[in-house]
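Novice: One structure coming up, written as structure tokens, with questions to follow.
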Amino acid sequence: MGGISAERDRMNDRFSRGERREPSFGYERGESRDDGDMRLSPDDRPTRFQRAAAPAEPERQLRNPPRRDKRPAGGGGGGGKKRGRRRRRSLFGGLIYWSMVLGLWCVIGVGGVVAYYASQLPPIDQLTVPRRPPNIAILAADGSLLANRGETGGRTITLGEVPPYLPKAFVAIEDRRFYDHFGVDPVGITRAVVNNLRGHGGMQGGSTLTQQLAKNLFLTQERTAARKIQEAILALWLERTYTKDQILELYLNRVYFGSGAYGVEAAAQRYFNKSARSVTIAEAAMLAGLVQAPSRLAPNRNPDLAEKRAKLVIAAMADQGFISQEAAKTAMTAPAEVPERTGAGSVNYAADYVMDVLDDFIGAVDGDVTVLTTIDTKLQSSAETILVDALSAQGTKLHASQGAVVSLAPDGAIRALIGGRDYTKSQFNRATAARRQPGSSFKPFVYLTAMEKGLTPDTIRDDAPFSIKGWEPENYSRTYRGPVTLRTAMQHSLNTIAARLIQEVTPREVVRTAQRLGITSAIQPNLSLALGTSEVTPLEMTAAYATFANGGQSVLPYVIREVRQTNGKVVYARKANNLGTVIQPQPLAMMGTLFNAVMNGGTGSKFNIPGWEVGGKSGTTQDYRDAWFVGFTARLVTAVWVGNDDNSPMRRVTGSGLPGEIWGKYMKLAHAGAQPMPLPGGFWQGAPTPVEAPVAQAGPPQGVPQQAPLGGDRAWVPPQPQEKNFFERLFGG
């Protein structure tokens, strides 16, 4: 029986461990029972404590135990309440369960959508912020900004350059939780949704500054769910890659402000004519408010809406502690004002010309650069104002719609360049690109060729009708003077004499002379060239005349003095160029006598400048299609052209009329207060006394030899050795 006892012990152990127990056939507590009795002893029966240790019912049975109806036979009792509570708990648990299942599937679905649109982006490890298009800041000779060129309209700025309230204005109105969120702001999105549902403050997007930057840097402007998802992904990448200040700086330099201005520097220049470094709180608020709707809120288009929006920004700045209440009150009572733009924006003609030639000096522009030019802002403004006023007052009556002005220093530095009446209406640069017939203003090249061939201002030719191979030149007055000196012929612009001279020296020689002095346009070597029938640009004519004003030195007009990168590195600096002498002293002095005759008793006599030696020549083409006046002093050389773009005739406008008036007013203003200087070419021997005595000359600068007025009766005086020092002082070497 020992085996039975052992088996019983094993079964008891299993039962005590919660296993099922079968009846025992052994002996209890080691007592010997050999009577064969098979009845269960009390120890072989499971007690209630052993029943409690029985295995638990499956979870399903515990949640749904067998229902026992203990209600009294008559119904009623507390059993129904307990069952209702169990049923409600069952429904609530099911709702939670299925909500969790549904939420899980939503998360999986959203994750899949996000993963899909994320796959449409470049790999994160290859993602880089695209380089900002370079800006070219074009400065006047005094360092003031003329214009910005490039796709952005302004240079890059740093947070350290601008007043602290400028970036804070954008944070206050666009993303007040900018320094707290991780690129996407759930709180801001929720607030925007609630406000949109309530209809408060118009439609709100909830995009953070980082999301707006991501859109500007990498995405299109379309408003789709796909784009918003990609925007959020990119915003997270930006926040992981850059600091908050770096993100804010990128934002300020990339956001669009309307009117072609990308970045806060471009916007400040565009709307307030100042750098972002100098804006006031009110101006900063107006700029910050502008980015929500650049076209609708542009202060130059809708000042009332812009001001209303700016006040919201100021209030937000004060509410968030970015500015004091006192500063906010001041800004509210003195809102930003957009200065009225004066003139027709002629500096853009000069800026366009800078861009035309910049590649020749530095090649492709890879980063922001600053270009220092030779433009004099006062001269530029004066030339523009005088031209526009003259055309406005007389243009309709005279059927003259356009004009151009070019003004150079005698060494070729461009001081003023006006390419048209109104840049906003026409960007065509008539000063540099319009080729028009110069008329009689071309005659000096004919006379110079004759002087170089041995003729003098006293040489006599017959002013009378004649024919050259069927061509019969006529004077403007249709009258003839008979035998006259070349000085008189030049003084009164006699066509017959110019025609006789070109016949003597040949048209090809005149072409060579014009090209030697700087005319680069194609010139036809025919006899009518004497009357200016080949087309040239105003810039070419001005540069050629500068040779007469500077002592016979070749001139190459230039507008760029220096180009620097933003780090201060000089990438180009102009060096003084000595292109050599192209007019010898004696022919130059003879031409000075002829030019002076024009200004004293001739077609330019109304436009003399008190105290200055002046030379000049008018020009009028057939049917009054073009009218010119080109003249010079030792300080400036200026050409004025008036006409119509369609080449239609004007109403009897001559070079000594409207163009001469514009030239005279401009040159008198340009020379006001300046010390008079004599023309450096000397004087020709035997020149007769002019019809009108030259204006009394002021004393020459110290170290410059005294010279007789042009047209005087003293012999030609060759330049003295100290004359070179005078040129060095005048032209910088």
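By order in the structure tokens, chains are A, B, ...; within a chain, residues start at 1; ligands start at 1, following the order shown.
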In region 479-686 of chain A, what's strand (DSSP E) per DSSP? Answer as a ChimeraX atom specification?
Specialist: /A:482-485,560-565,570-573,615-620,626-632,637-643
Novice: Write a file of the selected residues as a short mmCIF file (atom, residue, chain, number, x, y, z; two decimals), in the first residue's frame, keeping N, CA, C and O atoms.
Specialist:
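What landed in out02.cif:
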```cif
data_model
loop_
_atom_site.label_atom_id
_atom_site.label_comp_id
_atom_site.auth_asym_id
_atom_site.auth_seq_id
_atom_site.Cartn_x
_atom_site.Cartn_y
_atom_site.Cartn_z
N GLY A 482 27.08 134.35 -98.22
CA GLY A 482 28.25 134.54 -99.08
C GLY A 482 29.50 134.08 -98.36
O GLY A 482 29.47 133.24 -97.45
N PRO A 483 30.67 134.64 -98.68
CA PRO A 483 31.93 134.23 -98.04
C PRO A 483 31.92 134.52 -96.53
O PRO A 483 31.64 135.65 -96.11
N VAL A 484 32.20 133.49 -95.74
CA VAL A 484 32.23 133.61 -94.28
C VAL A 484 33.40 132.80 -93.75
O VAL A 484 33.89 131.87 -94.38
N THR A 485 33.85 133.15 -92.53
CA THR A 485 34.88 132.34 -91.88
C THR A 485 34.24 131.08 -91.30
O THR A 485 33.02 131.01 -91.07
N ILE A 560 30.70 102.87 -62.43
CA ILE A 560 31.04 102.06 -61.26
C ILE A 560 32.44 102.43 -60.77
O ILE A 560 33.40 102.40 -61.53
N ARG A 561 32.52 102.77 -59.50
CA ARG A 561 33.81 103.07 -58.88
C ARG A 561 34.35 101.89 -58.09
O ARG A 561 35.56 101.66 -58.06
N GLU A 562 33.45 101.16 -57.41
CA GLU A 562 33.91 100.08 -56.54
C GLU A 562 32.78 99.10 -56.29
O GLU A 562 31.61 99.48 -56.26
N VAL A 563 33.16 97.83 -56.11
CA VAL A 563 32.19 96.78 -55.77
C VAL A 563 32.72 96.03 -54.56
O VAL A 563 33.88 95.57 -54.56
N ARG A 564 31.89 95.91 -53.53
CA ARG A 564 32.28 95.21 -52.30
C ARG A 564 31.27 94.12 -51.97
O ARG A 564 30.09 94.24 -52.25
N GLN A 565 31.79 93.06 -51.34
CA GLN A 565 30.92 92.06 -50.76
C GLN A 565 30.44 92.54 -49.39
O GLN A 565 30.96 93.52 -48.85
N VAL A 570 36.76 93.94 -51.19
CA VAL A 570 36.65 94.67 -52.45
C VAL A 570 36.88 93.69 -53.60
O VAL A 570 37.94 93.07 -53.69
N VAL A 571 35.89 93.55 -54.46
CA VAL A 571 36.02 92.66 -55.61
C VAL A 571 36.31 93.42 -56.90
O VAL A 571 36.71 92.83 -57.90
N TYR A 572 36.12 94.74 -56.87
CA TYR A 572 36.50 95.58 -58.01
C TYR A 572 36.70 97.01 -57.53
O TYR A 572 35.91 97.52 -56.74
N ALA A 573 37.75 97.62 -58.00
CA ALA A 573 38.00 99.04 -57.73
C ALA A 573 38.56 99.66 -59.00
O ALA A 573 39.56 99.16 -59.55
N GLY A 615 31.39 125.90 -73.83
CA GLY A 615 31.30 125.53 -75.24
C GLY A 615 30.07 124.68 -75.45
O GLY A 615 29.63 123.97 -74.55
N GLY A 616 29.50 124.72 -76.65
CA GLY A 616 28.32 123.91 -76.90
C GLY A 616 27.88 123.96 -78.34
O GLY A 616 28.39 124.74 -79.14
N LYS A 617 26.92 123.09 -78.66
CA LYS A 617 26.37 123.05 -80.02
C LYS A 617 24.97 122.47 -79.98
O LYS A 617 24.72 121.47 -79.29
N SER A 618 24.08 123.10 -80.73
CA SER A 618 22.70 122.62 -80.85
C SER A 618 22.59 121.71 -82.06
O SER A 618 23.47 121.68 -82.93
N GLY A 619 21.49 120.96 -82.13
CA GLY A 619 21.26 120.09 -83.28
C GLY A 619 19.78 119.87 -83.49
O GLY A 619 19.03 119.64 -82.52
N THR A 620 19.34 119.94 -84.75
CA THR A 620 17.94 119.73 -85.11
C THR A 620 17.91 118.88 -86.37
O THR A 620 18.66 119.14 -87.32
N ASP A 626 14.09 115.22 -84.06
CA ASP A 626 15.02 115.19 -82.92
C ASP A 626 15.57 116.58 -82.69
O ASP A 626 15.83 117.32 -83.65
N ALA A 627 15.76 116.90 -81.41
CA ALA A 627 16.38 118.18 -81.06
C ALA A 627 17.39 117.94 -79.94
O ALA A 627 17.09 117.25 -78.95
N TRP A 628 18.61 118.49 -80.11
CA TRP A 628 19.71 118.25 -79.17
C TRP A 628 20.33 119.57 -78.73
O TRP A 628 20.30 120.55 -79.45
N PHE A 629 20.92 119.51 -77.54
CA PHE A 629 21.90 120.52 -77.16
C PHE A 629 22.96 119.82 -76.32
O PHE A 629 22.66 119.16 -75.32
N VAL A 630 24.22 119.96 -76.78
CA VAL A 630 25.36 119.34 -76.10
C VAL A 630 26.36 120.43 -75.79
O VAL A 630 26.74 121.21 -76.68
N GLY A 631 26.79 120.52 -74.53
CA GLY A 631 27.72 121.57 -74.15
C GLY A 631 28.55 121.18 -72.94
O GLY A 631 28.29 120.16 -72.29
N PHE A 632 29.53 122.02 -72.60
CA PHE A 632 30.48 121.63 -71.57
C PHE A 632 31.13 122.85 -70.92
O PHE A 632 31.18 123.95 -71.49
N VAL A 637 30.07 117.97 -68.59
CA VAL A 637 29.69 117.85 -70.00
C VAL A 637 28.29 117.26 -70.01
O VAL A 637 28.06 116.20 -69.41
N THR A 638 27.35 117.91 -70.69
CA THR A 638 25.95 117.48 -70.63
C THR A 638 25.32 117.50 -72.01
O THR A 638 25.54 118.44 -72.79
N ALA A 639 24.54 116.45 -72.27
CA ALA A 639 23.77 116.38 -73.51
C ALA A 639 22.30 116.24 -73.16
O ALA A 639 21.93 115.49 -72.24
N VAL A 640 21.44 116.94 -73.91
CA VAL A 640 19.99 116.86 -73.74
C VAL A 640 19.38 116.52 -75.10
O VAL A 640 19.69 117.16 -76.11
N TRP A 641 18.54 115.49 -75.11
CA TRP A 641 17.80 115.12 -76.32
C TRP A 641 16.31 115.20 -76.03
O TRP A 641 15.85 114.79 -74.95
N VAL A 642 15.53 115.69 -76.99
CA VAL A 642 14.08 115.74 -76.88
C VAL A 642 13.49 115.21 -78.18
O VAL A 642 13.99 115.53 -79.27
N GLY A 643 12.44 114.41 -78.09
CA GLY A 643 11.79 113.86 -79.28
C GLY A 643 10.65 112.96 -78.90
O GLY A 643 10.11 113.04 -77.78
#
```
Novice: Using only C-alpha atoms, which residues sit within 9 Å of Val264 (chain A) once same-chain residues fewer than 4 positions away are excluded, as a PyMOL selection string?
Specialist: chain A and resi 154+156-157+252-257+268-269+275-276+287-288
Novice: How many Å lie between CA of Val371 (chain A) and CA of Thr566 (chain A), rounded to one decimal?
Specialist: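 Computing it gives 10.7 Å between the two atoms.
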Novice: List the spatial neighbours of Ile281 (chain A) as a CSV table (one decimal) with all heavy atoms, in the first residue's frame - criterion: any atom at most 12 Å away, only C-alpha atoms, same-chain residues fewer than 3 positions off excluded.
Specialist:
```
chain,number,residue,atom,x,y,z
A,162,VAL,N,19.1,95.3,-36.4
A,162,VAL,CA,17.8,96.0,-36.3
A,162,VAL,C,17.4,96.2,-34.8
A,162,VAL,O,17.9,95.5,-33.9
A,162,VAL,CB,16.7,95.2,-37.0
A,162,VAL,CG1,17.1,95.0,-38.5
A,162,VAL,CG2,16.5,93.8,-36.4
A,163,PRO,N,16.6,97.2,-34.5
A,163,PRO,CA,16.1,97.4,-33.2
A,163,PRO,C,15.3,96.2,-32.7
A,163,PRO,O,14.6,95.5,-33.5
A,163,PRO,CB,15.2,98.6,-33.3
A,163,PRO,CG,14.9,98.7,-34.7
A,163,PRO,CD,16.0,98.2,-35.5
A,164,PRO,N,15.4,95.8,-31.4
A,164,PRO,CA,14.8,94.6,-30.9
A,164,PRO,C,13.3,94.5,-31.1
A,164,PRO,O,12.7,93.4,-31.2
A,164,PRO,CB,15.2,94.6,-29.4
A,164,PRO,CG,15.6,96.0,-29.1
A,164,PRO,CD,16.1,96.6,-30.3
A,165,TYR,N,12.6,95.7,-31.1
A,165,TYR,CA,11.2,95.7,-31.3
A,165,TYR,C,10.7,95.3,-32.7
A,165,TYR,O,9.6,94.9,-32.9
A,165,TYR,CB,10.6,97.0,-30.9
A,165,TYR,CG,11.2,98.2,-31.5
A,165,TYR,CD1,11.0,98.5,-32.9
A,165,TYR,CD2,12.0,99.1,-30.8
A,165,TYR,CE1,11.5,99.6,-33.5
A,165,TYR,CE2,12.6,100.2,-31.4
A,165,TYR,CZ,12.3,100.5,-32.7
A,165,TYR,OH,12.9,101.6,-33.3
A,166,LEU,N,11.6,95.3,-33.6
A,166,LEU,CA,11.2,94.9,-35.0
A,166,LEU,C,10.9,93.4,-35.1
A,166,LEU,O,9.8,93.1,-35.5
A,166,LEU,CB,12.3,95.3,-36.0
A,166,LEU,CG,12.1,94.9,-37.5
A,166,LEU,CD1,10.7,95.5,-38.0
A,166,LEU,CD2,13.2,95.4,-38.4
A,167,PRO,N,11.8,92.5,-34.8
A,167,PRO,CA,11.4,91.1,-34.8
A,167,PRO,C,10.3,90.7,-33.9
A,167,PRO,O,9.5,89.9,-34.1
A,167,PRO,CB,12.7,90.3,-34.5
A,167,PRO,CG,13.6,91.3,-33.8
A,167,PRO,CD,13.2,92.7,-34.4
A,168,LYS,N,10.3,91.4,-32.7
A,168,LYS,CA,9.2,91.1,-31.7
A,168,LYS,C,7.8,91.5,-32.2
A,168,LYS,O,6.8,90.9,-31.8
A,168,LYS,CB,9.5,91.8,-30.4
A,168,LYS,CG,10.7,91.2,-29.7
A,168,LYS,CD,11.0,92.0,-28.4
A,168,LYS,CE,12.2,91.3,-27.7
A,168,LYS,NZ,12.5,92.1,-26.4
A,169,ALA,N,7.8,92.5,-33.1
A,169,ALA,CA,6.5,92.9,-33.7
A,169,ALA,C,5.9,91.7,-34.5
A,169,ALA,O,4.7,91.4,-34.5
A,169,ALA,CB,6.7,94.1,-34.6
A,170,PHE,N,6.8,91.0,-35.2
A,170,PHE,CA,6.3,89.8,-36.0
A,170,PHE,C,5.9,88.7,-35.1
A,170,PHE,O,4.9,88.0,-35.3
A,170,PHE,CB,7.4,89.3,-36.9
A,170,PHE,CG,7.7,90.3,-38.1
A,170,PHE,CD1,8.5,91.4,-37.9
A,170,PHE,CD2,7.1,90.1,-39.3
A,170,PHE,CE1,8.8,92.3,-38.9
A,170,PHE,CE2,7.3,91.0,-40.3
A,170,PHE,CZ,8.2,92.1,-40.1
A,276,ALA,N,16.0,99.0,-42.5
A,276,ALA,CA,15.3,98.4,-41.4
A,276,ALA,C,16.0,98.7,-40.1
A,276,ALA,O,15.4,98.6,-39.0
A,276,ALA,CB,15.2,96.9,-41.6
A,277,ARG,N,17.2,99.1,-40.1
A,277,ARG,CA,18.0,99.4,-38.9
A,277,ARG,C,17.4,100.7,-38.3
A,277,ARG,O,17.7,101.0,-37.1
A,277,ARG,CB,19.5,99.6,-39.2
A,277,ARG,CG,20.2,98.3,-39.7
A,277,ARG,CD,21.6,98.6,-40.1
A,277,ARG,NE,21.6,99.3,-41.4
A,277,ARG,CZ,22.7,99.7,-42.1
A,277,ARG,NH1,23.8,99.4,-41.6
A,277,ARG,NH2,22.6,100.3,-43.2
A,278,SER,N,16.7,101.5,-39.0
A,278,SER,CA,16.3,102.8,-38.6
A,278,SER,C,14.8,103.0,-38.4
A,278,SER,O,14.3,104.0,-38.1
A,278,SER,CB,16.7,103.9,-39.6
A,278,SER,OG,18.1,103.8,-39.8
A,284,ALA,N,7.8,99.6,-37.6
A,284,ALA,CA,8.0,98.1,-37.4
A,284,ALA,C,6.6,97.4,-37.4
A,284,ALA,O,6.4,96.3,-37.9
A,284,ALA,CB,8.8,97.9,-36.2
A,285,ALA,N,5.7,98.0,-36.7
A,285,ALA,CA,4.3,97.4,-36.5
A,285,ALA,C,3.6,97.4,-37.9
A,285,ALA,O,3.0,96.4,-38.2
A,285,ALA,CB,3.5,98.2,-35.5
A,286,MET,N,3.8,98.4,-38.7
A,286,MET,CA,3.2,98.4,-40.0
A,286,MET,C,3.8,97.3,-40.9
A,286,MET,O,3.0,96.6,-41.7
A,286,MET,CB,3.3,99.8,-40.7
A,286,MET,CG,2.5,99.9,-41.9
A,286,MET,SD,2.3,101.6,-42.5
A,286,MET,CE,1.1,102.3,-41.3
A,287,LEU,N,5.1,97.1,-40.8
A,287,LEU,CA,5.7,96.1,-41.6
A,287,LEU,C,5.3,94.7,-41.1
A,287,LEU,O,5.0,93.8,-42.0
A,287,LEU,CB,7.2,96.2,-41.5
A,287,LEU,CG,7.9,97.4,-42.2
A,287,LEU,CD1,9.4,97.5,-41.8
A,287,LEU,CD2,7.6,97.4,-43.7
A,288,ALA,N,5.2,94.5,-39.8
A,288,ALA,CA,4.7,93.2,-39.3
A,288,ALA,C,3.3,92.9,-39.7
A,288,ALA,O,2.9,91.8,-40.0
A,288,ALA,CB,4.9,93.2,-37.8
A,310,ALA,N,-1.7,98.0,-38.1
A,310,ALA,CA,-0.5,98.4,-37.3
A,310,ALA,C,-0.9,98.6,-35.9
A,310,ALA,O,-0.1,98.2,-35.0
A,310,ALA,CB,0.2,99.6,-37.9
A,311,LYS,N,-2.0,99.2,-35.7
A,311,LYS,CA,-2.4,99.4,-34.3
A,311,LYS,C,-2.7,98.1,-33.6
A,311,LYS,O,-2.5,98.0,-32.4
A,311,LYS,CB,-3.7,100.3,-34.3
A,311,LYS,CG,-3.4,101.8,-34.7
A,311,LYS,CD,-4.6,102.6,-34.6
A,311,LYS,CE,-4.3,104.1,-34.9
A,311,LYS,NZ,-5.4,105.0,-34.9
A,313,VAL,N,-1.1,95.4,-34.1
A,313,VAL,CA,0.3,94.9,-33.8
A,313,VAL,C,0.8,95.6,-32.6
A,313,VAL,O,1.4,95.0,-31.7
A,313,VAL,CB,1.2,95.1,-35.0
A,313,VAL,CG1,2.6,94.6,-34.7
A,313,VAL,CG2,0.7,94.3,-36.2
A,314,ILE,N,0.7,96.9,-32.5
A,314,ILE,CA,1.2,97.7,-31.4
A,314,ILE,C,0.5,97.2,-30.1
A,314,ILE,O,1.2,97.0,-29.0
A,314,ILE,CB,1.0,99.2,-31.6
A,314,ILE,CG1,1.8,99.7,-32.8
A,314,ILE,CG2,1.3,99.9,-30.3
A,314,ILE,CD1,1.5,101.1,-33.2
A,315,ALA,N,-0.8,97.0,-30.1
A,315,ALA,CA,-1.5,96.5,-28.9
A,315,ALA,C,-1.0,95.1,-28.5
A,315,ALA,O,-0.8,94.9,-27.3
A,315,ALA,CB,-3.0,96.5,-29.2
A,317,MET,N,2.0,93.9,-29.1
A,317,MET,CA,3.3,94.0,-28.5
A,317,MET,C,3.3,94.5,-27.1
A,317,MET,O,4.0,94.0,-26.2
A,317,MET,CB,4.1,95.0,-29.4
A,317,MET,CG,4.4,94.6,-30.8
A,317,MET,SD,5.2,95.9,-31.8
A,317,MET,CE,6.8,96.0,-31.1
A,318,ALA,N,2.4,95.4,-26.8
A,318,ALA,CA,2.3,95.9,-25.4
A,318,ALA,C,1.7,94.9,-24.5
A,318,ALA,O,2.1,94.7,-23.4
A,318,ALA,CB,1.4,97.2,-25.4
A,322,PHE,N,6.4,93.3,-24.9
A,322,PHE,CA,7.6,93.6,-25.8
A,322,PHE,C,7.9,95.1,-25.8
A,322,PHE,O,9.0,95.5,-26.1
A,322,PHE,CB,7.3,93.1,-27.2
A,322,PHE,CG,7.2,91.6,-27.4
A,322,PHE,CD1,6.4,91.1,-28.3
A,322,PHE,CD2,7.9,90.8,-26.5
A,322,PHE,CE1,6.3,89.7,-28.5
A,322,PHE,CE2,7.8,89.4,-26.6
A,322,PHE,CZ,7.0,88.9,-27.6
A,323,ILE,N,6.9,95.9,-25.6
A,323,ILE,CA,7.1,97.4,-25.5
A,323,ILE,C,6.3,97.9,-24.3
A,323,ILE,O,5.4,97.2,-23.8
A,323,ILE,CB,6.7,98.1,-26.7
A,323,ILE,CG1,5.3,97.9,-27.1
A,323,ILE,CG2,7.6,97.8,-27.9
A,323,ILE,CD1,4.8,98.7,-28.3
A,324,SER,N,6.7,99.0,-23.8
A,324,SER,CA,5.9,99.6,-22.6
A,324,SER,C,4.6,100.2,-23.1
A,324,SER,O,4.4,100.4,-24.3
A,324,SER,CB,6.8,100.6,-21.9
A,324,SER,OG,7.0,101.7,-22.8
A,326,GLU,N,3.7,103.1,-22.4
A,326,GLU,CA,3.9,104.5,-22.9
A,326,GLU,C,4.4,104.5,-24.3
A,326,GLU,O,4.0,105.3,-25.1
A,326,GLU,CB,5.0,105.1,-22.0
A,326,GLU,CG,4.5,105.4,-20.5
A,326,GLU,CD,4.5,104.1,-19.7
A,326,GLU,OE1,5.0,103.1,-20.1
A,326,GLU,OE2,3.9,104.2,-18.6
A,327,ALA,N,5.3,103.5,-24.7
A,327,ALA,CA,5.8,103.5,-26.0
A,327,ALA,C,4.7,103.1,-27.0
A,327,ALA,O,4.6,103.6,-28.1
A,327,ALA,CB,6.9,102.4,-26.1
A,328,ALA,N,3.8,102.2,-26.5
A,328,ALA,CA,2.6,101.9,-27.4
A,328,ALA,C,1.7,103.0,-27.6
A,328,ALA,O,1.2,103.3,-28.7
A,328,ALA,CB,1.9,100.7,-26.7
A,329,LYS,N,1.5,103.8,-26.6
A,329,LYS,CA,0.6,105.0,-26.7
A,329,LYS,C,1.2,106.0,-27.7
A,329,LYS,O,0.5,106.6,-28.5
A,329,LYS,CB,0.4,105.6,-25.3
A,329,LYS,CG,-0.6,106.8,-25.3
A,329,LYS,CD,-0.7,107.4,-23.9
A,329,LYS,CE,-1.7,108.6,-24.0
A,329,LYS,NZ,-1.9,109.1,-22.6
A,330,THR,N,2.5,106.2,-27.6
A,330,THR,CA,3.2,107.1,-28.5
A,330,THR,C,3.1,106.7,-29.9
A,330,THR,O,2.8,107.4,-30.8
A,330,THR,CB,4.7,107.3,-28.1
A,330,THR,OG1,4.8,107.8,-26.8
A,330,THR,CG2,5.4,108.2,-29.0
A,331,ALA,N,3.3,105.4,-30.1
A,331,ALA,CA,3.2,104.8,-31.5
A,331,ALA,C,1.8,104.9,-32.0
A,331,ALA,O,1.6,105.1,-33.2
A,331,ALA,CB,3.7,103.4,-31.5
A,332,MET,N,0.8,104.7,-31.2
A,332,MET,CA,-0.6,104.8,-31.6
A,332,MET,C,-0.9,106.2,-32.1
A,332,MET,O,-1.7,106.4,-33.0
A,332,MET,CB,-1.5,104.4,-30.5
A,332,MET,CG,-1.5,102.9,-30.1
A,332,MET,SD,-2.5,102.0,-31.2
A,332,MET,CE,-2.6,100.4,-30.3
A,333,THR,N,-0.4,107.2,-31.3
A,333,THR,CA,-0.8,108.6,-31.7
A,333,THR,C,0.0,109.2,-32.8
A,333,THR,O,-0.3,110.2,-33.4
A,333,THR,CB,-0.6,109.5,-30.4
A,333,THR,OG1,0.8,109.3,-29.9
A,333,THR,CG2,-1.6,109.1,-29.3
A,334,ALA,N,1.1,108.5,-33.1
A,334,ALA,CA,2.0,109.0,-34.3
A,334,ALA,C,2.2,107.8,-35.2
A,334,ALA,O,3.3,107.2,-35.2
A,334,ALA,CB,3.3,109.6,-33.7
A,335,PRO,N,1.2,107.4,-36.0
A,335,PRO,CA,1.4,106.2,-36.8
A,335,PRO,C,2.4,106.5,-37.9
A,335,PRO,O,2.8,107.6,-38.3
A,335,PRO,CB,0.0,106.1,-37.4
A,335,PRO,CG,-0.7,107.4,-37.3
A,335,PRO,CD,-0.1,108.0,-36.1
A,336,ALA,N,2.9,105.4,-38.5
A,336,ALA,CA,3.9,105.5,-39.6
A,336,ALA,C,3.3,106.1,-40.8
A,336,ALA,O,2.1,105.9,-41.1
A,336,ALA,CB,4.4,104.1,-39.9
```
Novice: Just the residues within 7 Å of Met599 (chain A), please, counting only C-alpha atoms, with nothing from its chain fewer than 4 positions along; format it as a PyMOL selection string.
Specialist: chain A and resi 595+603-605+608+614-616
Novice: Excluding Gly367 (chain A) and its own-chain neighbours fewer than 5 positions away, which residues fall within 9 Å of it when counting only C-alpha atoms? Please give them as a ChimeraX atom specification.
Specialist: /A:132-136,565-566
Novice: For a test of reading the model, state the distance in Å between CA of Asp180 (chain A) and CA of Ile247 (chain A), rounded to one decimal.
Specialist: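 Taking CA of Asp180 (chain A) and CA of Ile247 (chain A), their separation equals 13.5 Å.
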Novice: Which of these, A:Thr432, A:Gln622, A:Thr496, A:Ser144, has the shortest distance to Lys378 (chain A) once you count only C-alpha atoms?
Specialist: A:Ser144
